[in-house]
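Shown here: upload01.tsv, TSV, C-alpha atoms.
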```tsv
chain	number	residue	atom	x	y	z
X	16	MET	CA	83.12	25.10	106.38
X	17	ASN	CA	84.18	28.31	108.13
X	18	LEU	CA	87.32	26.65	109.35
X	19	LEU	CA	88.30	25.94	105.79
X	20	ARG	CA	87.42	29.39	104.54
X	21	LEU	CA	89.81	31.29	106.80
X	22	PRO	CA	93.09	29.85	105.49
X	23	VAL	CA	91.87	30.29	101.93
X	24	CYS	CA	91.14	33.97	102.59
X	25	LEU	CA	94.52	34.46	104.23
X	26	LEU	CA	96.19	32.79	101.30
X	27	ALA	CA	94.33	35.07	98.91
X	28	LEU	CA	95.61	38.09	100.86
X	29	LEU	CA	99.16	37.07	100.03
X	30	PHE	CA	98.51	37.73	96.38
X	31	ALA	CA	96.46	40.89	96.84
X	32	ALA	CA	99.40	43.33	97.08
X	33	SER	CA	100.90	42.52	93.71
X	34	VAL	CA	97.56	42.82	91.99
X	35	SER	CA	96.68	46.22	93.38
X	36	ALA	CA	100.09	47.82	92.75
X	37	VAL	CA	99.32	49.02	89.25
X	38	ILE	CA	96.69	51.69	89.13
X	39	GLU	CA	96.14	52.66	85.55
X	40	THR	CA	94.96	50.31	82.83
X	41	TYR	CA	95.43	50.66	79.12
X	42	GLU	CA	93.14	49.54	76.34
X	43	PHE	CA	95.15	47.69	73.75
X	44	SER	CA	94.15	47.29	70.15
X	45	SER	CA	95.07	43.60	70.27
X	46	PRO	CA	95.58	40.96	72.97
X	47	GLU	CA	99.01	40.26	71.51
X	48	LEU	CA	100.12	43.84	72.28
X	49	GLU	CA	98.76	43.51	75.78
X	50	GLN	CA	100.80	40.36	76.30
X	51	ARG	CA	103.95	42.12	75.09
X	52	TYR	CA	103.14	45.03	77.41
X	53	GLN	CA	102.93	42.63	80.35
X	54	ASP	CA	106.20	40.95	79.39
X	55	LEU	CA	108.15	44.14	78.81
X	56	SER	CA	106.85	45.98	81.86
X	57	GLY	CA	107.85	42.94	83.92
X	58	GLU	CA	111.32	42.93	82.43
X	59	LEU	CA	112.10	46.65	82.63
X	60	ARG	CA	113.43	47.88	85.92
X	61	CYS	CA	112.26	51.06	87.57
X	62	PRO	CA	115.25	53.46	87.69
X	63	LYS	CA	114.03	55.18	90.83
X	64	CYS	CA	112.99	52.30	93.04
X	65	GLN	CA	115.80	49.90	92.12
X	66	ASN	CA	114.31	46.57	93.13
X	67	GLN	CA	111.01	46.69	91.32
X	68	ASN	CA	110.08	46.39	87.71
X	69	ILE	CA	108.01	49.16	86.17
X	70	ALA	CA	104.89	46.98	86.31
X	71	ASP	CA	104.99	46.81	90.10
X	72	SER	CA	106.23	50.26	90.96
X	73	ASN	CA	104.17	53.26	91.98
X	74	ALA	CA	106.99	55.74	91.43
X	75	PRO	CA	106.08	58.57	89.03
X	76	ILE	CA	108.91	57.61	86.69
X	77	ALA	CA	107.61	54.04	86.46
X	78	LYS	CA	104.18	55.40	85.58
X	79	ASP	CA	105.72	57.56	82.84
X	80	LEU	CA	107.64	54.60	81.48
X	81	ARG	CA	104.51	52.43	81.41
X	82	LYS	CA	102.71	55.13	79.47
X	83	LEU	CA	105.61	55.41	77.08
X	84	LEU	CA	105.72	51.64	76.69
X	85	TYR	CA	102.02	51.61	75.86
X	86	GLN	CA	102.43	54.39	73.29
X	87	GLN	CA	105.41	52.74	71.66
X	88	LEU	CA	103.66	49.38	71.44
X	89	GLU	CA	100.60	50.94	69.84
X	90	GLU	CA	102.86	52.77	67.38
X	91	GLY	CA	104.23	49.41	66.30
X	92	ALA	CA	107.71	49.46	67.84
X	93	SER	CA	109.45	46.11	68.17
X	94	ASP	CA	110.56	44.73	71.55
X	95	ALA	CA	114.20	45.33	70.62
X	96	GLU	CA	113.50	48.95	69.64
X	97	ILE	CA	111.77	49.60	72.95
X	98	ARG	CA	114.57	48.01	74.94
X	99	ASP	CA	117.20	50.01	73.06
X	100	TYR	CA	115.23	53.20	73.63
X	101	MET	CA	115.15	52.60	77.38
X	102	VAL	CA	118.79	51.51	77.59
X	103	ALA	CA	119.91	54.62	75.64
X	104	ARG	CA	118.36	56.78	78.36
X	105	TYR	CA	118.70	54.84	81.57
X	106	GLY	CA	121.58	52.51	80.81
X	107	GLU	CA	121.81	48.72	81.00
X	108	PHE	CA	120.50	49.10	84.55
X	109	VAL	CA	116.87	49.20	83.36
X	110	ARG	CA	116.98	45.66	82.06
X	111	TYR	CA	116.32	42.75	84.35
X	112	ARG	CA	117.42	40.57	81.45
X	113	PRO	CA	120.68	42.25	80.48
X	114	SER	CA	122.18	41.85	77.04
X	115	PHE	CA	124.88	39.25	76.49
X	116	SER	CA	127.81	41.59	75.93
X	117	GLY	CA	130.47	43.82	77.44
X	118	ALA	CA	130.24	44.39	81.16
X	119	THR	CA	127.29	42.04	81.62
X	120	ILE	CA	129.02	38.98	80.19
X	121	ILE	CA	130.34	38.02	83.63
X	122	LEU	CA	126.77	38.04	84.95
X	123	TRP	CA	125.78	35.47	82.39
X	124	LEU	CA	128.86	33.28	82.60
X	125	ALA	CA	129.48	33.38	86.35
X	126	PRO	CA	126.89	30.70	87.31
X	127	ALA	CA	128.22	28.25	84.71
X	128	LEU	CA	131.84	28.95	85.64
X	129	LEU	CA	131.12	28.52	89.35
X	130	LEU	CA	129.31	25.26	88.69
X	131	LEU	CA	132.25	24.06	86.61
X	132	ALA	CA	134.71	25.03	89.34
X	133	ALA	CA	132.61	23.23	91.95
X	134	ALA	CA	132.47	20.09	89.78
X	135	MET	CA	136.25	20.18	89.32
X	136	ILE	CA	136.78	20.44	93.07
X	137	VAL	CA	134.42	17.52	93.71
X	138	VAL	CA	136.21	15.37	91.12
X	139	ALA	CA	139.64	16.27	92.53
X	140	VAL	CA	138.57	15.46	96.08
X	141	LEU	CA	137.00	12.12	95.10
X	142	ARG	CA	140.05	11.12	93.08
X	143	GLY	CA	142.37	11.98	95.94
X	144	ARG	CA	140.29	9.89	98.31
X	145	ALA	CA	140.29	6.84	95.98
X	146	GLY	CA	144.08	7.08	95.42
X	147	ARG	CA	145.15	6.50	99.02
X	148	GLY	CA	143.64	3.73	101.18
X	149	GLY	CA	144.89	5.28	104.38
X	150	PRO	CA	148.00	6.80	105.90
X	151	GLU	CA	151.25	5.15	104.82
X	152	LEU	CA	153.23	3.26	107.49
X	153	SER	CA	156.81	4.20	108.18
X	154	ALA	CA	159.58	1.53	108.08
X	155	GLU	CA	159.58	1.37	111.85
X	156	GLU	CA	155.80	0.89	111.93
X	157	GLN	CA	156.03	-1.82	109.24
X	158	ARG	CA	158.56	-3.70	111.31
X	159	ARG	CA	156.35	-3.51	114.40
X	160	LEU	CA	153.33	-4.64	112.45
X	161	GLN	CA	155.25	-7.64	111.14
X	162	GLU	CA	156.36	-8.44	114.66
X	163	LEU	CA	152.80	-8.36	115.98
X	164	VAL	CA	151.55	-10.56	113.18
X	165	THR	CA	154.24	-13.21	113.76
X	166	ARG	CA	153.63	-13.13	117.49
X	167	ALA	CA	149.90	-13.63	116.98
X	168	GLU	CA	150.57	-16.50	114.63
X	169	THR	CA	152.96	-18.29	116.98
X	170	GLU	CA	150.50	-17.84	119.86
X	171	GLU	CA	147.73	-19.26	117.73
X	172	ASN	CA	149.84	-22.23	116.75
X	173	ALA	CA	150.81	-22.85	120.34
X	174	GLU	CA	147.13	-22.84	121.40
X	175	ARG	CA	146.12	-25.23	118.64
X	176	HIS	CA	148.84	-27.75	119.61
X	177	SER	CA	148.09	-27.75	123.30
J	11	MET	CA	150.22	22.88	97.27
J	12	PRO	CA	151.53	21.88	100.70
J	13	ALA	CA	148.81	20.46	102.92
J	14	ARG	CA	149.42	23.09	105.58
J	15	LEU	CA	148.75	25.93	103.14
J	16	LYS	CA	145.56	24.23	102.06
J	17	LEU	CA	144.22	24.68	105.58
J	18	PHE	CA	144.25	28.43	105.07
J	19	LEU	CA	142.14	28.24	101.93
J	20	PRO	CA	138.78	28.76	103.71
J	21	LEU	CA	140.23	31.73	105.57
J	22	ALA	CA	141.51	33.23	102.33
J	23	LEU	CA	138.11	32.74	100.68
J	24	PHE	CA	136.43	34.33	103.68
J	25	ALA	CA	138.77	37.31	103.56
J	26	LEU	CA	138.08	37.79	99.86
J	27	LEU	CA	134.33	37.64	100.40
J	28	ALA	CA	134.54	40.00	103.37
J	29	LEU	CA	136.49	42.46	101.24
J	30	PHE	CA	133.82	42.48	98.53
J	31	LEU	CA	130.95	42.74	101.01
J	32	PHE	CA	132.70	45.51	102.93
J	33	ARG	CA	133.15	47.44	99.70
J	34	GLY	CA	129.47	46.89	98.98
J	35	LEU	CA	128.53	48.53	102.27
J	36	SER	CA	130.06	51.83	101.27
J	37	LEU	CA	128.52	51.91	97.78
J	38	ASP	CA	125.30	53.81	97.26
J	39	PRO	CA	123.03	51.71	95.02
J	40	ARG	CA	121.04	54.83	94.16
J	41	GLU	CA	123.99	56.38	92.42
J	42	LEU	CA	123.49	55.31	88.85
J	43	PRO	CA	125.91	56.39	86.21
J	44	SER	CA	124.03	58.33	83.58
J	45	ALA	CA	123.75	56.58	80.23
J	46	LEU	CA	124.36	59.97	78.62
J	47	ILE	CA	127.83	60.74	79.96
J	48	ASP	CA	130.01	61.95	77.08
J	49	ARG	CA	126.99	62.00	74.81
J	50	PRO	CA	125.50	65.15	73.32
J	51	LEU	CA	122.64	66.81	75.12
J	52	PRO	CA	119.44	65.52	73.45
J	53	GLU	CA	117.62	67.78	71.00
J	54	PHE	CA	114.43	69.41	72.21
J	55	SER	CA	111.99	72.16	71.33
J	56	LEU	CA	109.99	73.28	74.33
J	57	PRO	CA	108.46	76.52	75.58
J	58	ARG	CA	110.50	78.82	77.75
J	59	LEU	CA	108.94	79.08	81.19
J	60	GLY	CA	106.56	82.02	81.39
J	61	GLU	CA	106.83	82.85	77.68
J	62	GLU	CA	105.42	81.67	74.39
J	63	GLN	CA	108.83	81.58	72.77
J	64	ARG	CA	110.26	78.10	72.24
J	65	VAL	CA	113.79	77.18	73.17
J	66	SER	CA	115.99	74.44	71.77
J	67	ARG	CA	119.35	72.79	72.39
J	68	ALA	CA	121.25	75.71	70.82
J	69	ASP	CA	119.85	78.12	73.44
J	70	VAL	CA	121.41	76.27	76.37
J	71	THR	CA	124.74	75.25	74.88
J	72	GLY	CA	127.79	77.21	73.77
J	73	ARG	CA	129.60	77.40	77.07
J	74	ALA	CA	130.18	75.13	80.03
J	75	ALA	CA	127.06	75.33	82.19
J	76	LEU	CA	124.91	73.49	84.69
J	77	LEU	CA	121.54	72.12	83.69
J	78	ASN	CA	119.38	71.79	86.77
J	79	VAL	CA	116.21	69.67	86.76
J	80	TRP	CA	113.76	70.98	89.31
J	81	ALA	CA	110.06	71.24	90.18
J	82	THR	CA	107.90	72.95	92.77
J	83	TRP	CA	106.61	69.57	93.98
J	84	CYS	CA	110.14	68.49	94.79
J	85	VAL	CA	111.00	69.15	98.42
J	86	SER	CA	114.75	68.72	97.99
J	87	CYS	CA	114.69	71.38	95.26
J	88	ARG	CA	113.63	73.92	97.86
J	89	VAL	CA	116.62	72.90	99.97
J	90	GLU	CA	118.91	73.20	96.97
J	91	HIS	CA	117.57	76.52	95.70
J	92	PRO	CA	119.53	78.95	97.94
J	93	PHE	CA	122.79	77.30	96.95
J	94	LEU	CA	121.96	77.57	93.25
J	95	ARG	CA	121.43	81.29	93.79
J	96	GLN	CA	124.85	81.51	95.41
J	97	LEU	CA	126.38	79.74	92.43
J	98	ALA	CA	124.63	82.08	90.02
J	99	GLU	CA	125.99	85.05	91.98
J	100	ARG	CA	129.49	83.61	91.63
J	101	GLY	CA	128.94	83.66	87.88
J	102	VAL	CA	128.24	79.99	87.15
J	103	PRO	CA	125.76	79.75	84.27
J	104	ILE	CA	122.75	77.62	85.25
J	105	TYR	CA	119.92	76.59	82.96
J	106	GLY	CA	116.77	75.16	84.47
J	107	VAL	CA	114.55	72.32	83.37
J	108	ASN	CA	111.21	72.78	85.07
J	109	TYR	CA	110.25	69.12	85.14
J	110	LYS	CA	106.60	67.97	85.06
J	111	ASP	CA	105.43	71.09	86.81
J	112	ASP	CA	102.75	73.74	86.69
J	113	ASP	CA	103.99	76.92	84.96
J	114	VAL	CA	102.15	79.26	87.33
J	115	ALA	CA	103.47	77.53	90.44
J	116	ALA	CA	106.99	77.51	88.97
J	117	GLN	CA	106.85	81.21	88.12
J	118	ARG	CA	105.62	82.03	91.62
J	119	TRP	CA	108.47	79.97	93.10
J	120	LEU	CA	111.03	81.97	91.11
J	121	ASP	CA	109.37	85.28	92.07
J	122	GLU	CA	109.37	84.40	95.75
J	123	LEU	CA	112.67	82.56	96.16
J	124	GLY	CA	114.74	84.30	93.49
J	125	ASP	CA	115.76	83.14	90.03
J	126	PRO	CA	119.25	81.68	89.58
J	127	TYR	CA	118.51	80.43	86.05
J	128	LEU	CA	119.56	82.03	82.77
J	129	LEU	CA	116.42	80.53	81.33
J	130	ASN	CA	114.01	77.77	82.18
J	131	ILE	CA	112.77	75.05	79.88
J	132	ALA	CA	109.14	74.21	80.65
J	133	ASP	CA	109.11	70.42	80.33
J	134	ARG	CA	105.48	69.95	81.35
J	135	GLN	CA	105.11	66.35	80.17
J	136	GLY	CA	108.57	65.28	81.20
J	137	SER	CA	109.54	64.35	77.63
J	138	PHE	CA	112.90	66.11	77.75
J	139	GLY	CA	113.49	64.63	81.19
J	140	LEU	CA	112.89	61.20	79.71
J	141	ASP	CA	115.41	61.83	76.93
J	142	LEU	CA	117.90	62.94	79.57
J	143	GLY	CA	117.30	59.81	81.64
J	144	VAL	CA	115.98	61.80	84.60
J	145	TYR	CA	114.42	59.60	87.26
J	146	GLY	CA	113.71	62.14	89.94
J	147	ALA	CA	114.33	65.74	90.85
J	148	PRO	CA	116.65	67.38	91.60
J	149	GLU	CA	119.27	66.29	89.11
J	150	THR	CA	122.09	68.48	87.86
J	151	TYR	CA	123.99	67.95	84.62
J	152	LEU	CA	127.30	69.50	83.71
J	153	VAL	CA	127.33	70.27	80.00
J	154	ASP	CA	130.44	71.46	78.18
J	155	ALA	CA	130.72	74.19	75.54
J	156	GLY	CA	130.16	71.69	72.75
J	157	GLY	CA	126.89	70.58	74.31
J	158	VAL	CA	128.24	67.25	75.56
J	159	ILE	CA	127.08	65.98	78.95
J	160	ARG	CA	130.09	65.51	81.21
J	161	TYR	CA	128.63	64.69	84.58
J	162	ARG	CA	125.35	64.08	86.32
J	163	HIS	CA	124.64	64.59	89.98
J	164	VAL	CA	121.45	63.08	91.42
J	165	GLY	CA	120.15	64.85	94.50
J	166	VAL	CA	120.79	68.17	96.14
J	167	VAL	CA	123.82	70.17	95.04
J	168	ASP	CA	125.29	71.82	98.10
J	169	GLU	CA	128.62	73.40	98.99
J	170	ARG	CA	130.22	70.00	99.58
J	171	VAL	CA	129.04	68.42	96.33
J	172	TRP	CA	130.08	71.54	94.46
J	173	GLN	CA	133.56	71.68	95.95
J	174	ASP	CA	134.24	67.95	95.79
J	175	THR	CA	132.98	67.06	92.34
J	176	LEU	CA	131.25	69.70	90.24
J	177	GLN	CA	133.58	72.65	90.69
J	178	PRO	CA	136.81	70.90	89.61
J	179	LEU	CA	135.08	69.52	86.52
J	180	TYR	CA	133.41	72.82	85.74
J	181	GLU	CA	136.64	74.79	86.05
J	182	GLU	CA	138.46	72.30	83.87
J	183	LEU	CA	135.80	72.68	81.15
J	184	ALA	CA	135.75	76.46	81.49
J	185	ALA	CA	139.55	76.58	81.21
J	186	ALA	CA	139.50	74.34	78.11
J	187	GLU	CA	136.99	76.72	76.62
J	188	GLU	CA	139.21	79.75	77.15
J	189	ARG	CA	142.20	78.07	75.55
J	190	ARG	CA	140.31	77.59	72.32
```

What does this structure look like when you write it as structure tokens?
Amino acid sequence: MNLLRLPVCLLALLFAASVSAVIETYEFSSPELEQRYQDLSGELRCPKCQNQNIADSNAPIAKDLRKLLYQQLEEGASDAEIRDYMVARYGEFVRYRPSFSGATIILWLAPALLLLAAAMIVVAVLRGRAGRGGPELSAEEQRRLQELVTRAETEENAERHS
Amino acid sequence: MPARLKLFLPLALFALLALFLFRGLSLDPRELPSALIDRPLPEFSLPRLGEEQRVSRADVTGRAALLNVWATWCVSCRVEHPFLRQLAERGVPIYGVNYKDDDVAAQRWLDELGDPYLLNIADRQGSFGLDLGVYGAPETYLVDAGGVIRYRHVGVVDERVWQDTLQPLYEELAAAEERR
């Protein structure tokens, strides 16, 4: 029993950090707003700490942005309005899901283009391999091959007749 | 493509990758371009530090000036402060945004360390800072005579930053102003 409990506790510890990161809680007027809060705070990037979203960050600016997000949601702002508001102030940087336009278009298209390029290379290589059965023989090599074959045949015939 | 050249393809790819990664080493990921470059300074109506009187956008625009975001809780601001005083003595107009701070503490700071600011905006809740896209103090904005933000520096402004980036821009703006 105890043997089983230890790994479970250790496993639980792995998840503890992400749960305790956010300190303040907000009371939402509807569960739907709360869900949108969770989604948006997970998608907006903290400008100060760079590699965290505002839901996970303890930086003062992330706390301010969470508060603002809460206020805007309660005031009835749409997701697009909130995103635009943040982008107008902190740039496209604050979005972990950047818009499909301008400078970010390469971000969206790069994976597909790379995959396409890789597929083209694979096809080209396979085709090249199917096209040639092996290295071509020169005229001199052909002649020698013919010679060897005839010699083998004559030797075989000689053996059979003896 | 000749077969021999094809052999160098991996090397070429490696060189290209190395070039990009090497460039990445010398980039500072903390240096974000401000979303407000070449945009007008946002409107605001906030109290002036230490006074009841409210100040707005019109009070801090009209000539090329620096807008310095600072707070008493910000350690780097204390490092930056003596240099701001030097700049003020050289005649560079500096407006202050006292960001998410306590008025009394801020006033004491100015009394003790000297006051390089023409006036200070008391942004107690950080609302103006939010409109500016401030994500930490100190930050310094260069605003032209028309109230358009031209440059943002994140971090301490010192002699080197001033000479390398801010001063040339500031002098250009100030010269453009005089020609008008």

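Atom CA of Cys84 of chain J lies 19.8 Å from atom CA of Asp141 of chain J.
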
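Taking atom CA of Lys78 of chain X as the reference point, atom CA of Pro57 of chain J is found at 23.8 Å.
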
Contact check, chain J to chain X, at most 10 Å, counting all atoms listed in the file, closest pairs as CSV:
```
residue,atom,partner,partner_atom,distance
J:Pro39,CA,X:Gln65,CA,8.0
J:Arg40,CA,X:Gln65,CA,7.5
J:Leu42,CA,X:Phe108,CA,8.1
J:Pro43,CA,X:Gly106,CA,7.9
J:Ser44,CA,X:Tyr105,CA,6.7
J:Ala45,CA,X:Gly106,CA,4.6
J:Leu46,CA,X:Arg104,CA,6.8
J:Gln135,CA,X:Asp79,CA,9.2
J:Gly136,CA,X:Asp79,CA,8.4
J:Ser137,CA,X:Asp79,CA,9.4
J:Gly139,CA,X:Arg104,CA,9.7
J:Leu140,CA,X:Arg104,CA,7.2
J:Asp141,CA,X:Arg104,CA,6.0
J:Leu142,CA,X:Arg104,CA,6.3
J:Gly143,CA,X:Arg104,CA,4.6
J:Val144,CA,X:Tyr105,CA,8.1
J:Tyr145,CA,X:Lys63,CA,5.7
J:Gly146,CA,X:Lys63,CA,7.0
```

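Across the model, the gap from atom CA of Phe24 of chain J to atom CA of Arg144 of chain X is 25.3 Å.
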
Which residues are near segment 109-114 of chain J? Cut-off 9 Å, all atoms listed in the file, ignore same chain within fewer than 2 positions. Put them as a ChimeraX atom specification.
/J:59-60,79-83,106-107,116-119,131-139,147

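When all atoms listed in the file are used to measure the gap to Val109 of chain X, the shortest distance among X:Asn68, X:Gln157, X:Ser44, X:Gln53 belongs to X:Asn68.
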
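Nearest residue to Ala185 of chain J, choosing from J:Arg73, J:Leu128, J:Val171, J:Arg33 and counting all atoms listed in the file: J:Arg73.
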
Spatial neighbours of Tyr127 of chain J, 7 Å, all atoms listed in the file, chain gap at least 2 places, as a CSV table (one decimal) with C-alpha atoms, in the frame of the given file:
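Output (part-v9.csv):
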```csv
chain,number,residue,atom,x,y,z
J,104,ILE,CA,122.8,77.6,85.2
J,105,TYR,CA,119.9,76.6,83.0
J,106,GLY,CA,116.8,75.2,84.5
J,125,ASP,CA,115.8,83.1,90.0
J,129,LEU,CA,116.4,80.5,81.3
J,130,ASN,CA,114.0,77.8,82.2
```

Find the axis-aligned box for segment 12-28 of chain J, covering all its listed atoms and adding 6 Å on each side, and write its centre and edge lengths in Å to one decimal as lines of an AutoDock Vina configuration file.
```
center_x = 142.9
center_y = 30.2
center_z = 102.7
size_x = 29.2
size_y = 31.5
size_z = 17.7
```

Applying 12 Å and all atoms listed in the file, which residues near Leu152 of chain J remain after dropping the ones on its own chain fewer than 6 positions away? List them as a ChimeraX atom specification.
/J:44,46-51,70-71,73-79,102-106,158-164,167,172,175-184

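Using all atoms listed in the file, the shortest contact distance between Pro52 of chain J and any of J:Leu26, J:Val153, J:Cys87, J:Val166 is found at J:Val153.
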
So that I can see what lies close to Glu89 of chain X, please list as a PyMOL selection string the residues with an atom at most 12 Å from it, counting only C-alpha atoms and leaving out residues fewer than 2 positions away in the same chain.
chain X and resi 41-49+51-52+82-87+91-94+97

Taking the partial coordinates given, rebuild segment 117-141 of chain X to contain N, CA and C atoms; return it as a CSV table (one decimal), keeping the file's coordinate frame.
```csv
chain,number,residue,atom,x,y,z
X,117,GLY,N,129.7,42.8,76.7
X,117,GLY,CA,130.5,43.8,77.4
X,117,GLY,C,130.5,43.5,78.9
X,118,ALA,N,130.1,44.5,79.7
X,118,ALA,CA,130.2,44.4,81.2
X,118,ALA,C,129.3,43.3,81.8
X,119,THR,N,128.3,43.0,81.0
X,119,THR,CA,127.3,42.0,81.6
X,119,THR,C,127.6,40.6,81.4
X,120,ILE,N,128.7,40.4,80.6
X,120,ILE,CA,129.0,39.0,80.2
X,120,ILE,C,129.4,38.1,81.4
X,121,ILE,N,130.0,38.8,82.4
X,121,ILE,CA,130.3,38.0,83.6
X,121,ILE,C,129.1,37.6,84.4
X,122,LEU,N,128.0,38.4,84.3
X,122,LEU,CA,126.8,38.0,85.0
X,122,LEU,C,126.2,36.7,84.4
X,123,TRP,N,126.3,36.6,83.1
X,123,TRP,CA,125.8,35.5,82.4
X,123,TRP,C,126.6,34.2,82.6
X,124,LEU,N,128.0,34.4,82.6
X,124,LEU,CA,128.9,33.3,82.6
X,124,LEU,C,129.2,32.8,84.0
X,125,ALA,N,129.1,33.7,85.0
X,125,ALA,CA,129.5,33.4,86.4
X,125,ALA,C,128.8,32.1,86.9
X,126,PRO,N,127.5,31.9,86.8
X,126,PRO,CA,126.9,30.7,87.3
X,126,PRO,C,127.5,29.4,86.7
X,127,ALA,N,127.7,29.4,85.4
X,127,ALA,CA,128.2,28.2,84.7
X,127,ALA,C,129.7,28.0,85.2
X,128,LEU,N,130.4,29.1,85.2
X,128,LEU,CA,131.8,29.0,85.6
X,128,LEU,C,131.9,28.4,87.1
X,129,LEU,N,131.1,29.0,88.0
X,129,LEU,CA,131.1,28.5,89.4
X,129,LEU,C,130.8,27.0,89.5
X,130,LEU,N,129.7,26.7,88.7
X,130,LEU,CA,129.3,25.3,88.7
X,130,LEU,C,130.4,24.4,88.2
X,131,LEU,N,131.1,24.8,87.2
X,131,LEU,CA,132.2,24.1,86.6
X,131,LEU,C,133.4,23.9,87.7
X,132,ALA,N,133.7,25.0,88.3
X,132,ALA,CA,134.7,25.0,89.3
X,132,ALA,C,134.3,24.1,90.5
X,133,ALA,N,133.1,24.1,90.9
X,133,ALA,CA,132.6,23.2,92.0
X,133,ALA,C,132.7,21.8,91.5
X,134,ALA,N,132.4,21.5,90.3
X,134,ALA,CA,132.5,20.1,89.8
X,134,ALA,C,133.9,19.6,89.8
X,135,MET,N,134.8,20.5,89.4
X,135,MET,CA,136.2,20.2,89.3
X,135,MET,C,136.8,19.9,90.7
X,136,ILE,N,136.3,20.7,91.7
X,136,ILE,CA,136.8,20.4,93.1
X,136,ILE,C,136.3,19.1,93.6
X,137,VAL,N,135.0,18.8,93.3
X,137,VAL,CA,134.4,17.5,93.7
X,137,VAL,C,135.2,16.3,93.1
X,138,VAL,N,135.5,16.4,91.8
X,138,VAL,CA,136.2,15.4,91.1
X,138,VAL,C,137.6,15.2,91.7
X,139,ALA,N,138.3,16.3,92.0
X,139,ALA,CA,139.6,16.3,92.5
X,139,ALA,C,139.6,15.6,93.9
X,140,VAL,N,138.6,16.0,94.7
X,140,VAL,CA,138.6,15.5,96.1
X,140,VAL,C,138.3,14.0,96.0
X,141,LEU,N,137.3,13.5,95.2
X,141,LEU,CA,137.0,12.1,95.1
X,141,LEU,C,138.2,11.3,94.6
```
